[in-house]
Amino acid sequence: MKAIVLFGSPGSGKGTQARMLTQCLKVPHVSTGDMLRDRIRHGVELGSCVAAKMHSGVLVADRLVNLLVEERLAQPDGANGFVLDGYPRTLAQAEHLIEWLDGRGIREVVIHLAVDYNIIISRLTGRRECPQCGTLYNIAYHPPKVDELCDLDGTKLAVRDDDREPVIRERLDAYERQTRPVLDYYRSAGRRVLNVDASSDPPDVVFEKICLAMELDDCSKNGR
Ligand code: ADP
């Protein structure tokens, strides 16, 4: 059972690494951001404040995300493991998850993608998305072949609503205030936290570092 919690600031590359890990391990990618955006797209959150919160970069209520994650992890495709991306983001969510996992005898591994603050800012402000197929680009690190157009379908690229400057600031603030303490909580509770420096390497190198860190962790666990 591979229960992986990918932890890191917005813009640390969690989404990209989560996709690489899930392909490699053949386990589902559980992203609370994607789940919430899906609900908005399908009109499930009409009349609720979820969309407004996401657009302004503040966190959605713990109760809702805890429930969504619990329901998702209970699906049969998660029997061999899963990669959590963007959850837990508050102490209440971390406590909820730990209780859920402990109740099933599952021990998670937390992978912390550590990225320099200035790099985070340039990644987030440069992010572009194809509104048609969802492909992600970055004007600084991974630009499209033709300026502002998707390589795959030629659609004009867009800036995600929550990638606008004031919202970026709010998201980073929320991370510092509410999410970073979760890491200390995991450490002080004696859970497995692996630090991976993800500041300057391309995604495939960061992925190799993650795999290596997990292998070393498995060896030390088995050697204990
Ligand atoms: P990023 O990690 O780049 O901020 P996400 O797609 O993970 O992007 O999250 C987008 C938004 O969705 C967050 O700013 C927040 O409003 C909401 N959200 C996602 N996950 C959670 C969570 N675990 N708890 C509360 N809100 C969440």
# chains A, B, ... in the order shown; residues from 1 in each chain; ligands from 1
$ closest_atom_pairs --of "chain A" --to "ligand 1" --cutoff "6 Å" --atoms "only C-alpha atoms and all ligand atoms" --output "Markdown table"
| residue | atom | partner | partner_atom_place_in_ligand_line | distance |
| --- | --- | --- | --- | --- |
| A:Pro10 | CA | ligand 1 | 3 (O) | 3.8 |
| A:Gly11 | CA | ligand 1 | 3 (O) | 5.4 |
| A:Thr32 | CA | ligand 1 | 20 (N) | 4.4 |
| A:Gly33 | CA | ligand 1 | 6 (O) | 3.4 |
| A:Asp34 | CA | ligand 1 | 6 (O) | 5.8 |
| A:Lys53 | CA | ligand 1 | 16 (O) | 5.5 |
| A:Met54 | CA | ligand 1 | 16 (O) | 3.6 |
| A:Gly57 | CA | ligand 1 | 14 (O) | 4.3 |
| A:Val58 | CA | ligand 1 | 16 (O) | 4.8 |
| A:Leu59 | CA | ligand 1 | 26 (N) | 3.7 |
| A:Val60 | CA | ligand 1 | 26 (N) | 3.8 |
| A:Ala61 | CA | ligand 1 | 25 (C) | 5.9 |
| A:Asp62 | CA | ligand 1 | 24 (N) | 5.9 |
| A:Val65 | CA | ligand 1 | 24 (N) | 5.8 |
| A:Gly86 | CA | ligand 1 | 7 (O) | 4.5 |
| A:Tyr87 | CA | ligand 1 | 23 (N) | 4.1 |
| A:Pro88 | CA | ligand 1 | 23 (N) | 5.1 |
| A:Arg89 | CA | ligand 1 | 23 (N) | 4.7 |
| A:Arg171 | CA | ligand 1 | 14 (O) | 5.6 |
$ select_by_dssp --residues "chain A" --states "helix (DSSP H, G or I)" --output "compact mmCIF listing (two decimals) with C-alpha atoms, in the first residue's frame"
# COMPACT_ATOMS: atom_id res chain seq x y z
CA LYS A 14 2.79 19.02 -6.63
CA GLY A 15 0.36 18.50 -9.52
CA THR A 16 3.09 17.52 -12.00
CA GLN A 17 4.82 15.16 -9.57
CA ALA A 18 1.49 13.66 -8.49
CA ARG A 19 0.69 12.78 -12.12
CA MET A 20 4.14 11.19 -12.62
CA LEU A 21 3.84 9.21 -9.39
CA THR A 22 0.34 7.96 -10.11
CA GLN A 23 1.35 6.80 -13.59
CA CYS A 24 4.37 5.00 -12.22
CA LEU A 25 2.65 3.40 -9.22
CA THR A 32 -8.75 18.35 -3.77
CA GLY A 33 -8.24 21.37 -6.07
CA ASP A 34 -9.29 19.28 -9.12
CA MET A 35 -12.21 17.74 -7.20
CA LEU A 36 -13.48 21.17 -6.16
CA ARG A 37 -13.06 22.62 -9.68
CA ASP A 38 -14.97 19.61 -11.04
CA ARG A 39 -17.84 20.22 -8.67
CA ILE A 40 -18.01 23.86 -9.74
CA ARG A 41 -17.90 22.89 -13.43
CA VAL A 50 -16.80 27.40 -2.68
CA ALA A 51 -16.17 29.09 -6.06
CA ALA A 52 -15.83 32.54 -4.46
CA LYS A 53 -13.31 31.19 -1.94
CA MET A 54 -11.25 29.47 -4.61
CA HIS A 55 -11.25 32.56 -6.84
CA SER A 56 -9.95 34.68 -4.00
CA ASP A 62 -12.46 21.59 6.20
CA ARG A 63 -15.78 19.76 6.55
CA LEU A 64 -16.36 19.66 2.78
CA VAL A 65 -12.84 18.64 1.74
CA ASN A 66 -12.59 16.03 4.49
CA LEU A 67 -15.80 14.46 3.25
CA LEU A 68 -14.74 14.55 -0.41
CA VAL A 69 -11.39 12.93 0.36
CA GLU A 70 -12.91 10.29 2.61
CA GLU A 71 -15.41 9.30 -0.08
CA ARG A 72 -12.68 9.26 -2.74
CA LEU A 73 -10.22 7.16 -0.71
CA PRO A 76 -11.98 0.43 -4.81
CA ASP A 77 -9.26 1.89 -7.07
CA GLY A 78 -7.52 3.24 -3.96
CA LEU A 91 -4.27 20.98 11.07
CA ALA A 92 -7.91 19.89 11.26
CA GLN A 93 -7.57 18.14 7.87
CA ALA A 94 -4.30 16.49 8.94
CA GLU A 95 -5.88 15.18 12.15
CA HIS A 96 -8.86 13.90 10.20
CA LEU A 97 -6.68 12.12 7.65
CA ILE A 98 -4.39 10.57 10.25
CA GLU A 99 -7.38 9.24 12.14
CA TRP A 100 -8.87 7.81 8.93
CA LEU A 101 -5.58 6.15 7.91
CA ASP A 102 -4.71 4.89 11.40
CA GLY A 103 -8.19 3.37 11.66
CA TYR A 117 9.97 31.55 -2.41
CA ASN A 118 11.16 33.68 -5.38
CA ILE A 119 11.00 30.69 -7.69
CA ILE A 120 7.44 30.00 -6.52
CA ILE A 121 6.43 33.55 -7.45
CA SER A 122 7.91 33.38 -10.94
CA ARG A 123 6.37 29.95 -11.55
CA LEU A 124 2.89 31.05 -10.49
CA THR A 125 2.86 34.37 -12.35
CA ASP A 161 -8.31 32.95 -12.24
CA ASP A 162 -6.39 32.13 -9.09
CA ASP A 163 -3.02 32.72 -10.79
CA GLU A 165 -1.20 38.49 -8.58
CA PRO A 166 -3.42 39.45 -5.62
CA VAL A 167 -4.84 35.93 -5.50
CA ILE A 168 -1.34 34.42 -5.66
CA ARG A 169 -0.40 36.50 -2.63
CA GLU A 170 -3.49 35.26 -0.77
CA ARG A 171 -2.75 31.62 -1.67
CA LEU A 172 0.85 31.93 -0.44
CA ASP A 173 -0.37 33.64 2.73
CA ALA A 174 -2.87 30.85 3.34
CA TYR A 175 -0.03 28.37 2.85
CA GLU A 176 2.23 30.09 5.39
CA ARG A 177 -0.54 30.60 7.96
CA GLN A 178 -2.53 27.38 7.69
CA THR A 179 -0.60 24.77 5.73
CA ARG A 180 3.07 25.03 6.70
CA PRO A 181 2.25 24.22 10.36
CA VAL A 182 0.86 20.89 9.12
CA LEU A 183 4.39 19.83 8.22
CA ASP A 184 5.64 20.52 11.76
CA TYR A 185 2.64 18.64 13.07
CA TYR A 186 3.54 15.56 11.00
CA ARG A 187 7.16 15.76 12.11
CA SER A 188 6.37 16.18 15.78
CA PRO A 203 10.29 17.74 -13.28
CA ASP A 204 11.83 14.41 -14.33
CA VAL A 205 14.86 14.99 -12.09
CA VAL A 206 12.63 15.97 -9.15
CA PHE A 207 10.67 12.79 -9.82
CA GLU A 208 13.88 10.71 -9.64
CA LYS A 209 14.75 12.38 -6.35
CA ILE A 210 11.33 11.49 -4.95
CA CYS A 211 11.68 7.86 -6.04
CA LEU A 212 15.14 7.65 -4.50
CA ALA A 213 13.97 9.23 -1.23
CA MET A 214 11.12 6.69 -1.04
CA GLU A 215 13.46 3.77 -1.77
CA LEU A 216 15.89 4.89 0.95
CA ASP A 217 12.98 5.32 3.33
CA ASP A 218 11.70 1.79 2.53
CA CYS A 219 15.21 0.36 3.13
CA SER A 220 15.59 2.11 6.47
CA LYS A 221 12.09 0.99 7.49
CA ASN A 222 12.80 -2.64 6.55
CA GLY A 223 16.22 -2.51 8.19
$ closest_residue --among "A:Ala114, A:Val5, A:Ala79, A:Cys130" --to "Arg191 of chain A" --atoms "only C-alpha atoms"
A:Val5
$ residues_around --residues "Ile139 of chain A" --least-positions-apart "4" --cutoff "8 Å" --atoms "only C-alpha atoms" --output "PyMOL selection string"
chain A and resi 126-128+143-144
$ select_by_dssp --residues "segment 54-94 of chain A" --states "strand (DSSP E)" --output "list in words"
Gly81, Phe82, Val83, Leu84 and Asp85 of chain A
$ write_last_selection --atoms "all heavy atoms" --output "compact mmCIF listing (two decimals), in the first residue's frame"
# COMPACT_ATOMS: atom_id res chain seq x y z
N GLY A 81 -3.31 2.01 -2.87
CA GLY A 81 -2.64 3.26 -2.55
C GLY A 81 -3.22 4.43 -3.30
O GLY A 81 -4.16 4.28 -4.09
N PHE A 82 -2.66 5.60 -3.07
CA PHE A 82 -3.13 6.83 -3.70
C PHE A 82 -2.08 7.91 -3.47
O PHE A 82 -1.22 7.78 -2.60
CB PHE A 82 -4.48 7.27 -3.12
CG PHE A 82 -4.57 7.09 -1.64
CD1 PHE A 82 -4.00 8.02 -0.78
CD2 PHE A 82 -5.18 5.95 -1.09
CE1 PHE A 82 -4.04 7.83 0.58
CE2 PHE A 82 -5.21 5.76 0.28
CZ PHE A 82 -4.64 6.70 1.13
N VAL A 83 -2.18 8.96 -4.29
CA VAL A 83 -1.32 10.12 -4.08
C VAL A 83 -2.23 11.30 -3.77
O VAL A 83 -3.07 11.68 -4.60
CB VAL A 83 -0.48 10.42 -5.34
CG1 VAL A 83 0.35 11.69 -5.13
CG2 VAL A 83 0.43 9.25 -5.67
N LEU A 84 -2.10 11.84 -2.58
CA LEU A 84 -2.89 13.01 -2.19
C LEU A 84 -2.14 14.27 -2.59
O LEU A 84 -0.96 14.42 -2.27
CB LEU A 84 -3.13 13.00 -0.69
CG LEU A 84 -4.26 12.09 -0.22
CD1 LEU A 84 -4.19 11.89 1.28
CD2 LEU A 84 -5.61 12.66 -0.62
N ASP A 85 -2.84 15.16 -3.27
CA ASP A 85 -2.21 16.39 -3.79
C ASP A 85 -3.07 17.57 -3.33
O ASP A 85 -4.22 17.70 -3.72
CB ASP A 85 -2.15 16.25 -5.32
CG ASP A 85 -1.98 17.56 -6.07
OD1 ASP A 85 -1.65 18.58 -5.43
OD2 ASP A 85 -2.14 17.54 -7.30
$ atom_distance --atom1 "atom CA of Pro202 of chain A" --atom2 "atom CA of Ser12 of chain A"
11.7 Å
$ atom_distance --atom1 "atom CA of Lys156 of chain A" --atom2 "atom CA of Pro131 of chain A"
7.8 Å
$ atom_distance --atom1 "atom CA of Leu194 of chain A" --atom2 "atom CA of His112 of chain A"
6.0 Å
